[in-house]
file start-v1.cif (mmCIF, C-alpha atoms and all ligand atoms; chains and numbers go by the auth columns)
data_work
loop_
_atom_site.group_PDB
_atom_site.id
_atom_site.type_symbol
_atom_site.label_atom_id
_atom_site.label_comp_id
_atom_site.label_asym_id
_atom_site.label_seq_id
_atom_site.Cartn_x
_atom_site.Cartn_y
_atom_site.Cartn_z
_atom_site.B_iso_or_equiv
_atom_site.auth_seq_id
_atom_site.auth_asym_id
ATOM 1 C CA MET A 1 32.882 4.803 -30.518 0.00 207 A
ATOM 2 C CA LYS A 2 29.948 5.186 -32.812 0.00 208 A
ATOM 3 C CA ARG A 3 27.538 5.146 -29.872 0.00 209 A
ATOM 4 C CA VAL A 4 29.337 8.083 -28.252 0.00 210 A
ATOM 5 C CA VAL A 5 28.965 10.152 -31.389 0.00 211 A
ATOM 6 C CA ILE A 6 25.243 9.448 -31.562 0.00 212 A
ATOM 7 C CA VAL A 7 24.725 10.330 -27.920 0.00 213 A
ATOM 8 C CA SER A 8 26.589 13.615 -28.130 0.00 214 A
ATOM 9 C CA PHE A 9 24.502 14.462 -31.174 0.00 215 A
ATOM 10 C CA LEU A 10 21.368 13.787 -29.106 0.00 216 A
ATOM 11 C CA CYS A 11 22.735 15.883 -26.247 0.00 217 A
ATOM 12 C CA ALA A 12 23.179 18.784 -28.605 0.00 218 A
ATOM 13 C CA SER A 13 19.533 18.621 -29.650 0.00 219 A
ATOM 14 C CA ILE A 14 17.893 18.637 -26.218 0.00 220 A
ATOM 15 C CA LEU A 15 17.360 22.344 -25.893 0.00 221 A
ATOM 16 C CA LEU A 16 15.608 22.482 -29.242 0.00 222 A
ATOM 17 C CA ALA A 17 13.202 19.612 -28.606 0.00 223 A
ATOM 18 C CA GLY A 18 11.865 19.215 -25.060 0.00 224 A
ATOM 19 C CA TYR A 19 10.012 16.605 -23.110 0.00 225 A
ATOM 20 C CA THR A 20 6.327 15.682 -22.932 0.00 226 A
ATOM 21 C CA SER A 21 4.508 15.719 -19.602 0.00 227 A
ATOM 22 C CA SER A 22 1.746 13.224 -18.880 0.00 228 A
ATOM 23 C CA HIS A 23 0.075 11.158 -16.132 0.00 229 A
ATOM 24 C CA ILE A 24 -0.423 7.496 -15.345 0.00 230 A
ATOM 25 C CA GLY A 25 -2.618 5.868 -12.681 0.00 231 A
ATOM 26 C CA TRP A 26 -2.896 2.368 -11.237 0.00 232 A
ATOM 27 C CA ASP A 27 -6.525 2.360 -12.455 0.00 233 A
ATOM 28 C CA SER A 28 -5.254 2.095 -16.053 0.00 234 A
ATOM 29 C CA ARG A 29 -6.569 -1.084 -17.693 0.00 235 A
ATOM 30 C CA GLU A 30 -3.158 -1.898 -19.197 0.00 236 A
ATOM 31 C CA LEU A 31 -1.693 -2.104 -15.681 0.00 237 A
ATOM 32 C CA SER A 32 -4.426 -4.179 -14.015 0.00 238 A
ATOM 33 C CA VAL A 33 -2.475 -7.432 -14.148 0.00 239 A
ATOM 34 C CA TYR A 34 0.483 -5.775 -12.397 0.00 240 A
ATOM 35 C CA ARG A 35 -1.714 -4.023 -9.842 0.00 241 A
ATOM 36 C CA SER A 36 -3.352 -7.361 -8.946 0.00 242 A
ATOM 37 C CA ALA A 37 0.065 -8.990 -8.572 0.00 243 A
ATOM 38 C CA LEU A 38 1.221 -6.164 -6.295 0.00 244 A
ATOM 39 C CA GLU A 39 -1.929 -6.367 -4.155 0.00 245 A
ATOM 40 C CA ARG A 40 -1.610 -10.157 -3.886 0.00 246 A
ATOM 41 C CA LEU A 41 2.042 -10.010 -2.906 0.00 247 A
ATOM 42 C CA THR A 42 1.737 -7.223 -0.323 0.00 248 A
ATOM 43 C CA GLY A 43 -1.836 -7.689 0.930 0.00 249 A
ATOM 44 C CA ARG A 44 -2.369 -3.948 0.476 0.00 250 A
ATOM 45 C CA THR A 45 -4.587 -1.816 -1.729 0.00 251 A
ATOM 46 C CA VAL A 46 -2.671 -0.243 -4.609 0.00 252 A
ATOM 47 C CA ALA A 47 -3.756 3.143 -5.975 0.00 253 A
ATOM 48 C CA GLY A 48 -2.217 6.402 -7.099 0.00 254 A
ATOM 49 C CA THR A 49 -1.556 8.656 -10.067 0.00 255 A
ATOM 50 C CA TYR A 50 1.894 9.889 -11.024 0.00 256 A
ATOM 51 C CA ASN A 51 3.531 12.424 -13.285 0.00 257 A
ATOM 52 C CA VAL A 52 5.265 11.009 -16.333 0.00 258 A
ATOM 53 C CA ILE A 53 7.965 12.930 -18.165 0.00 259 A
ATOM 54 C CA ILE A 54 8.694 11.485 -21.604 0.00 260 A
ATOM 55 C CA ALA A 55 12.085 12.625 -22.841 0.00 261 A
ATOM 56 C CA SER A 56 12.501 13.565 -26.473 0.00 262 A
ATOM 57 C CA SER A 57 15.977 11.992 -26.642 0.00 263 A
ATOM 58 C CA ALA A 58 18.267 9.664 -24.682 0.00 264 A
ATOM 59 C CA GLY A 59 20.447 12.659 -23.796 0.00 265 A
ATOM 60 C CA GLU A 60 17.495 14.576 -22.408 0.00 266 A
ATOM 61 C CA PHE A 61 16.428 11.493 -20.424 0.00 267 A
ATOM 62 C CA SER A 62 19.895 11.252 -18.922 0.00 268 A
ATOM 63 C CA ARG A 63 19.909 14.952 -18.025 0.00 269 A
ATOM 64 C CA LEU A 64 16.434 14.924 -16.439 0.00 270 A
ATOM 65 C CA SER A 65 16.749 11.606 -14.586 0.00 271 A
ATOM 66 C CA ARG A 66 20.434 12.077 -13.682 0.00 272 A
ATOM 67 C CA LEU A 67 21.005 8.450 -14.749 0.00 273 A
ATOM 68 C CA GLY A 68 22.926 6.801 -17.563 0.00 274 A
ATOM 69 C CA TYR A 69 21.346 7.044 -21.014 0.00 275 A
ATOM 70 C CA TRP A 70 21.062 3.237 -21.153 0.00 276 A
ATOM 71 C CA PHE A 71 18.328 3.112 -18.511 0.00 277 A
ATOM 72 C CA VAL A 72 14.837 2.813 -19.935 0.00 278 A
ATOM 73 C CA ALA A 73 13.101 4.677 -17.128 0.00 279 A
ATOM 74 C CA ALA A 74 13.679 6.219 -13.703 0.00 280 A
ATOM 75 C CA THR A 75 11.740 7.554 -10.738 0.00 281 A
ATOM 76 C CA HIS A 76 12.360 10.541 -8.474 0.00 282 A
ATOM 77 C CA GLY A 77 9.694 11.106 -5.841 0.00 283 A
ATOM 78 C CA ASP A 78 6.309 10.722 -7.535 0.00 284 A
ATOM 79 C CA THR A 79 7.633 11.506 -11.018 0.00 285 A
ATOM 80 C CA ILE A 80 8.518 8.863 -13.601 0.00 286 A
ATOM 81 C CA TYR A 81 11.026 9.676 -16.343 0.00 287 A
ATOM 82 C CA LEU A 82 10.845 7.735 -19.589 0.00 288 A
ATOM 83 C CA GLN A 83 13.060 7.447 -22.604 0.00 289 A
ATOM 84 C CA PRO A 84 11.409 8.364 -25.933 0.00 290 A
ATOM 85 C CA LEU A 85 8.575 5.835 -26.350 0.00 291 A
ATOM 86 C CA SER A 86 10.183 4.397 -29.491 0.00 292 A
ATOM 87 C CA LEU A 87 13.027 3.118 -27.247 0.00 293 A
ATOM 88 C CA ILE A 88 10.708 1.312 -24.787 0.00 294 A
ATOM 89 C CA PRO A 89 9.785 -2.231 -25.917 0.00 295 A
ATOM 90 C CA ASP A 90 7.015 -2.813 -23.331 0.00 296 A
ATOM 91 C CA LEU A 91 5.594 0.457 -22.033 0.00 297 A
ATOM 92 C CA ALA A 92 3.025 -1.069 -19.642 0.00 298 A
ATOM 93 C CA ARG A 93 5.669 -3.220 -17.989 0.00 299 A
ATOM 94 C CA THR A 94 8.123 -0.333 -17.739 0.00 300 A
ATOM 95 C CA LEU A 95 5.483 1.880 -16.107 0.00 301 A
ATOM 96 C CA ALA A 96 4.512 -0.967 -13.750 0.00 302 A
ATOM 97 C CA HIS A 97 8.195 -1.335 -12.807 0.00 303 A
ATOM 98 C CA GLU A 98 8.575 2.342 -11.903 0.00 304 A
ATOM 99 C CA MET A 99 5.167 2.597 -10.202 0.00 305 A
ATOM 100 C CA SER A 100 5.993 -0.484 -8.115 0.00 306 A
ATOM 101 C CA HIS A 101 9.216 1.257 -7.006 0.00 307 A
ATOM 102 C CA ILE A 102 7.095 4.237 -5.910 0.00 308 A
ATOM 103 C CA PHE A 103 4.728 1.888 -4.059 0.00 309 A
ATOM 104 C CA PHE A 104 7.571 0.131 -2.209 0.00 310 A
ATOM 105 C CA GLN A 105 9.420 3.337 -1.280 0.00 311 A
ATOM 106 C CA ARG A 106 7.090 3.903 1.703 0.00 312 A
ATOM 107 C CA PHE A 107 8.522 0.785 3.379 0.00 313 A
ATOM 108 C CA ASP A 108 12.098 2.058 3.200 0.00 314 A
ATOM 109 C CA LEU A 109 13.453 -1.340 2.133 0.00 315 A
ATOM 110 C CA PRO A 110 17.082 -1.916 1.180 0.00 316 A
ATOM 111 C CA TYR A 111 17.373 -1.252 -2.558 0.00 317 A
ATOM 112 C CA TRP A 112 18.270 -4.829 -3.559 0.00 318 A
ATOM 113 C CA LEU A 113 15.066 -6.047 -1.880 0.00 319 A
ATOM 114 C CA GLU A 114 12.967 -3.310 -3.491 0.00 320 A
ATOM 115 C CA GLU A 115 14.386 -4.042 -6.965 0.00 321 A
ATOM 116 C CA GLY A 116 13.846 -7.783 -6.514 0.00 322 A
ATOM 117 C CA LEU A 117 10.246 -7.286 -5.421 0.00 323 A
ATOM 118 C CA VAL A 118 9.587 -4.925 -8.328 0.00 324 A
ATOM 119 C CA CYS A 119 10.921 -7.482 -10.819 0.00 325 A
ATOM 120 C CA THR A 120 8.789 -10.169 -9.167 0.00 326 A
ATOM 121 C CA ILE A 121 5.735 -8.025 -9.936 0.00 327 A
ATOM 122 C CA THR A 122 6.714 -7.319 -13.537 0.00 328 A
ATOM 123 C CA GLY A 123 8.042 -10.823 -14.326 0.00 329 A
ATOM 124 C CA GLU A 124 10.618 -9.173 -16.583 0.00 330 A
ATOM 125 C CA TRP A 125 13.406 -11.689 -15.832 0.00 331 A
ATOM 126 C CA VAL A 126 11.299 -14.814 -16.296 0.00 332 A
ATOM 127 C CA GLY A 127 12.928 -17.087 -18.870 0.00 333 A
ATOM 128 C CA ARG A 128 16.066 -14.898 -19.115 0.00 334 A
ATOM 129 C CA GLU A 129 19.585 -15.419 -17.804 0.00 335 A
ATOM 130 C CA GLU A 130 22.255 -13.014 -16.559 0.00 336 A
ATOM 131 C CA PRO A 131 25.413 -13.614 -14.513 0.00 337 A
ATOM 132 C CA LEU A 132 24.535 -14.011 -10.830 0.00 338 A
ATOM 133 C CA LEU A 133 26.294 -11.469 -8.592 0.00 339 A
ATOM 134 C CA GLU A 134 27.465 -12.398 -5.096 0.00 340 A
ATOM 135 C CA ASN A 135 26.648 -10.344 -2.008 0.00 341 A
ATOM 136 C CA ILE A 136 24.082 -8.079 -3.672 0.00 342 A
ATOM 137 C CA GLU A 137 23.229 -6.725 -0.203 0.00 343 A
ATOM 138 C CA GLU A 138 26.605 -4.979 -0.105 0.00 344 A
ATOM 139 C CA LEU A 139 26.795 -3.679 -3.683 0.00 345 A
ATOM 140 C CA ASP A 140 26.244 -0.025 -4.550 0.00 346 A
ATOM 141 C CA HIS A 141 23.985 0.006 -7.608 0.00 347 A
ATOM 142 C CA THR A 142 24.257 3.736 -8.277 0.00 348 A
ATOM 143 C CA GLY A 143 27.479 3.763 -10.287 0.00 349 A
ATOM 144 C CA MET A 144 26.976 0.544 -12.238 0.00 350 A
ATOM 145 C CA ASP A 145 27.354 0.271 -15.993 0.00 351 A
ATOM 146 C CA PHE A 146 24.662 -1.239 -18.221 0.00 352 A
ATOM 147 C CA MET A 147 25.772 -4.881 -18.090 0.00 353 A
ATOM 148 C CA THR A 148 26.502 -4.860 -14.359 0.00 354 A
ATOM 149 C CA TYR A 149 23.162 -3.271 -13.547 0.00 355 A
ATOM 150 C CA ARG A 150 21.341 -5.926 -15.593 0.00 356 A
ATOM 151 C CA ALA A 151 23.143 -8.680 -13.681 0.00 357 A
ATOM 152 C CA TYR A 152 22.417 -6.855 -10.411 0.00 358 A
ATOM 153 C CA SER A 153 18.692 -6.556 -11.141 0.00 359 A
ATOM 154 C CA PHE A 154 18.540 -10.225 -12.207 0.00 360 A
ATOM 155 C CA SER A 155 20.405 -11.282 -9.037 0.00 361 A
ATOM 156 C CA CYS A 156 18.029 -9.243 -6.842 0.00 362 A
ATOM 157 C CA TRP A 157 15.069 -10.942 -8.505 0.00 363 A
ATOM 158 C CA ARG A 158 16.531 -14.412 -7.938 0.00 364 A
ATOM 159 C CA ARG A 159 17.350 -13.672 -4.295 0.00 365 A
ATOM 160 C CA VAL A 160 13.883 -12.272 -3.585 0.00 366 A
ATOM 161 C CA GLY A 161 12.326 -15.282 -5.319 0.00 367 A
ATOM 162 C CA GLN A 162 14.149 -17.555 -2.871 0.00 368 A
ATOM 163 C CA LEU A 163 13.057 -15.430 0.099 0.00 369 A
ATOM 164 C CA LEU A 164 9.412 -15.362 -1.000 0.00 370 A
ATOM 165 C CA ARG A 165 9.297 -19.142 -1.070 0.00 371 A
ATOM 166 C CA GLU A 166 9.783 -19.096 2.713 0.00 372 A
ATOM 167 C CA HIS A 167 8.570 -15.700 3.892 0.00 373 A
ATOM 168 C CA GLY A 168 5.566 -13.460 3.347 0.00 374 A
ATOM 169 C CA PHE A 169 5.933 -9.771 2.451 0.00 375 A
ATOM 170 C CA ASN A 170 5.255 -8.586 6.015 0.00 376 A
ATOM 171 C CA GLU A 171 7.939 -10.916 7.328 0.00 377 A
ATOM 172 C CA LEU A 172 10.428 -9.468 4.833 0.00 378 A
ATOM 173 C CA ILE A 173 9.610 -5.938 5.992 0.00 379 A
ATOM 174 C CA SER A 174 10.155 -6.692 9.658 0.00 380 A
ATOM 175 C CA ARG A 175 13.278 -8.718 8.937 0.00 381 A
ATOM 176 C CA PHE A 176 15.083 -6.346 6.581 0.00 382 A
ATOM 177 C CA VAL A 177 13.873 -2.920 7.624 0.00 383 A
ATOM 178 C CA ALA A 178 14.727 -3.642 11.266 0.00 384 A
ATOM 179 C CA ALA A 179 18.137 -4.969 10.177 0.00 385 A
ATOM 180 C CA GLN A 180 19.183 -1.764 8.362 0.00 386 A
HETATM 181 ZN ZN ZN B . 14.086 -0.976 -10.832 0.00 1 B
#
call {"tool": "encode", "arguments": {"input": "start-v1.cif", "output": "structure tokens"}}
result
Amino acid sequence: MKRVVIVSFLCASILLAGYTSSHIGWDSRELSVYRSALERLTGRTVAGTYNVIIASSAGEFSRLSRLGYWFVAATHGDTIYLQPLSLIPDLARTLAHEMSHIFFQRFDLPYWLEEGLVCTITGEWVGREEPLLENIEELDHTGMDFMTYRAYSFSCWRRVGQLLREHGFNELISRFVAAQ
């Protein structure tokens, strides 16, 4: 219950504060390790600069991104939405996660495959454990709560890891985009 009170307090403050607008590009030095991983995995050149909107509160983030306040970041089109930076433990990795989503969107992959590929690039699930979900291909991620989404993302990463042991990126595109 306490969390609800805090969030509604934050919601009440959004009109007084306001977000910060910024930019991030793949040429940033902090992202070079992720860019290299993305280029290695896909065999494609990775470049681009994106708008970044940094919310001043979790409530404002939720309003702007139209996602739950427990997400750390979100992407709509070429714009990345971030929680207040004090709530983001690893900013470079979070930006790399969202920018990798933007990169993969051009291939029109099923979301579970896109999320799994993104987490392969960021390495964010390495050494961590979550419950494994069955049939991730059929799950709708959009209405999930915090714990379920974590398990979903982890399960996507594990599934894509298995696929990448046997198939290259181009094979995955032709297999799963054609199958949609
Ligand atoms: Zn993601």
call {"tool": "atom_distance", "arguments": {"input": "start-v1.cif", "atom1": "atom CA of A:Leu370", "atom2": "atom CA of A:Gly254"}}
result
25.4 Å
call {"tool": "closest_residue", "arguments": {"input": "start-v1.cif", "among": "A:Ala243, A:Ala264, A:Leu378, A:Ala280", "to": "ligand ZN 1 (chain B)", "atoms": "only C-alpha atoms and all ligand atoms"}}
result
A:Ala280
call {"tool": "atom_distance", "arguments": {"input": "start-v1.cif", "atom1": "atom CA of A:Asn257", "atom2": "atom CA of A:Ser361"}}
result
29.4 Å
call {"tool": "closest_atom_pairs", "arguments": {"input": "start-v1.cif", "of": "chain A", "to": "ligand ZN 1 (chain B)", "cutoff": "7 Å", "atoms": "only C-alpha atoms and all ligand atoms", "output": "Markdown table"}}
result
| residue | atom | partner | partner_atom | distance |
| --- | --- | --- | --- | --- |
| A:His303 | CA | B:ZN1 | ZN | 6.2 |
| A:Glu304 | CA | B:ZN1 | ZN | 6.5 |
| A:His307 | CA | B:ZN1 | ZN | 6.6 |
| A:Glu321 | CA | B:ZN1 | ZN | 4.9 |
| A:Val324 | CA | B:ZN1 | ZN | 6.5 |
call {"tool": "residues_around", "arguments": {"input": "start-v1.cif", "residues": "A:Val278", "least_positions_apart": "3", "cutoff": "8 Å", "atoms": "only C-alpha atoms", "output": "list in words"}}
result
Tyr275, Leu288, Gln289, Leu293, Ile294 and Thr300 of chain A
call {"tool": "write_last_selection", "arguments": {"input": "start-v1.cif", "atoms": "C-alpha atoms", "output": "compact mmCIF listing (two decimals), keeping the file's coordinate frame"}}
result
# COMPACT_ATOMS: atom_id res chain seq x y z
CA TYR A 275 21.35 7.04 -21.01
CA LEU A 288 10.84 7.74 -19.59
CA GLN A 289 13.06 7.45 -22.60
CA LEU A 293 13.03 3.12 -27.25
CA ILE A 294 10.71 1.31 -24.79
CA THR A 300 8.12 -0.33 -17.74
call {"tool": "atom_distance", "arguments": {"input": "start-v1.cif", "atom1": "atom CA of A:Thr326", "atom2": "atom CA of A:Ser268"}}
result
26.0 Å
call {"tool": "resolve_selection", "arguments": {"input": "start-v1.cif", "expression": "the PyMOL selection byres (((chain A and resi 230-242) around 12) and not hetatm)", "output": "MDAnalysis selection string"}}
result
chainID A and resid 227:229 243:260 284:287 296:306 308:309 324:330
call {"tool": "closest_residue", "arguments": {"input": "start-v1.cif", "among": "A:Gln311, A:Ser262, A:Asn341, A:Ser380", "to": "A:Gly283", "atoms": "all atoms listed in the file"}}
result
A:Gln311
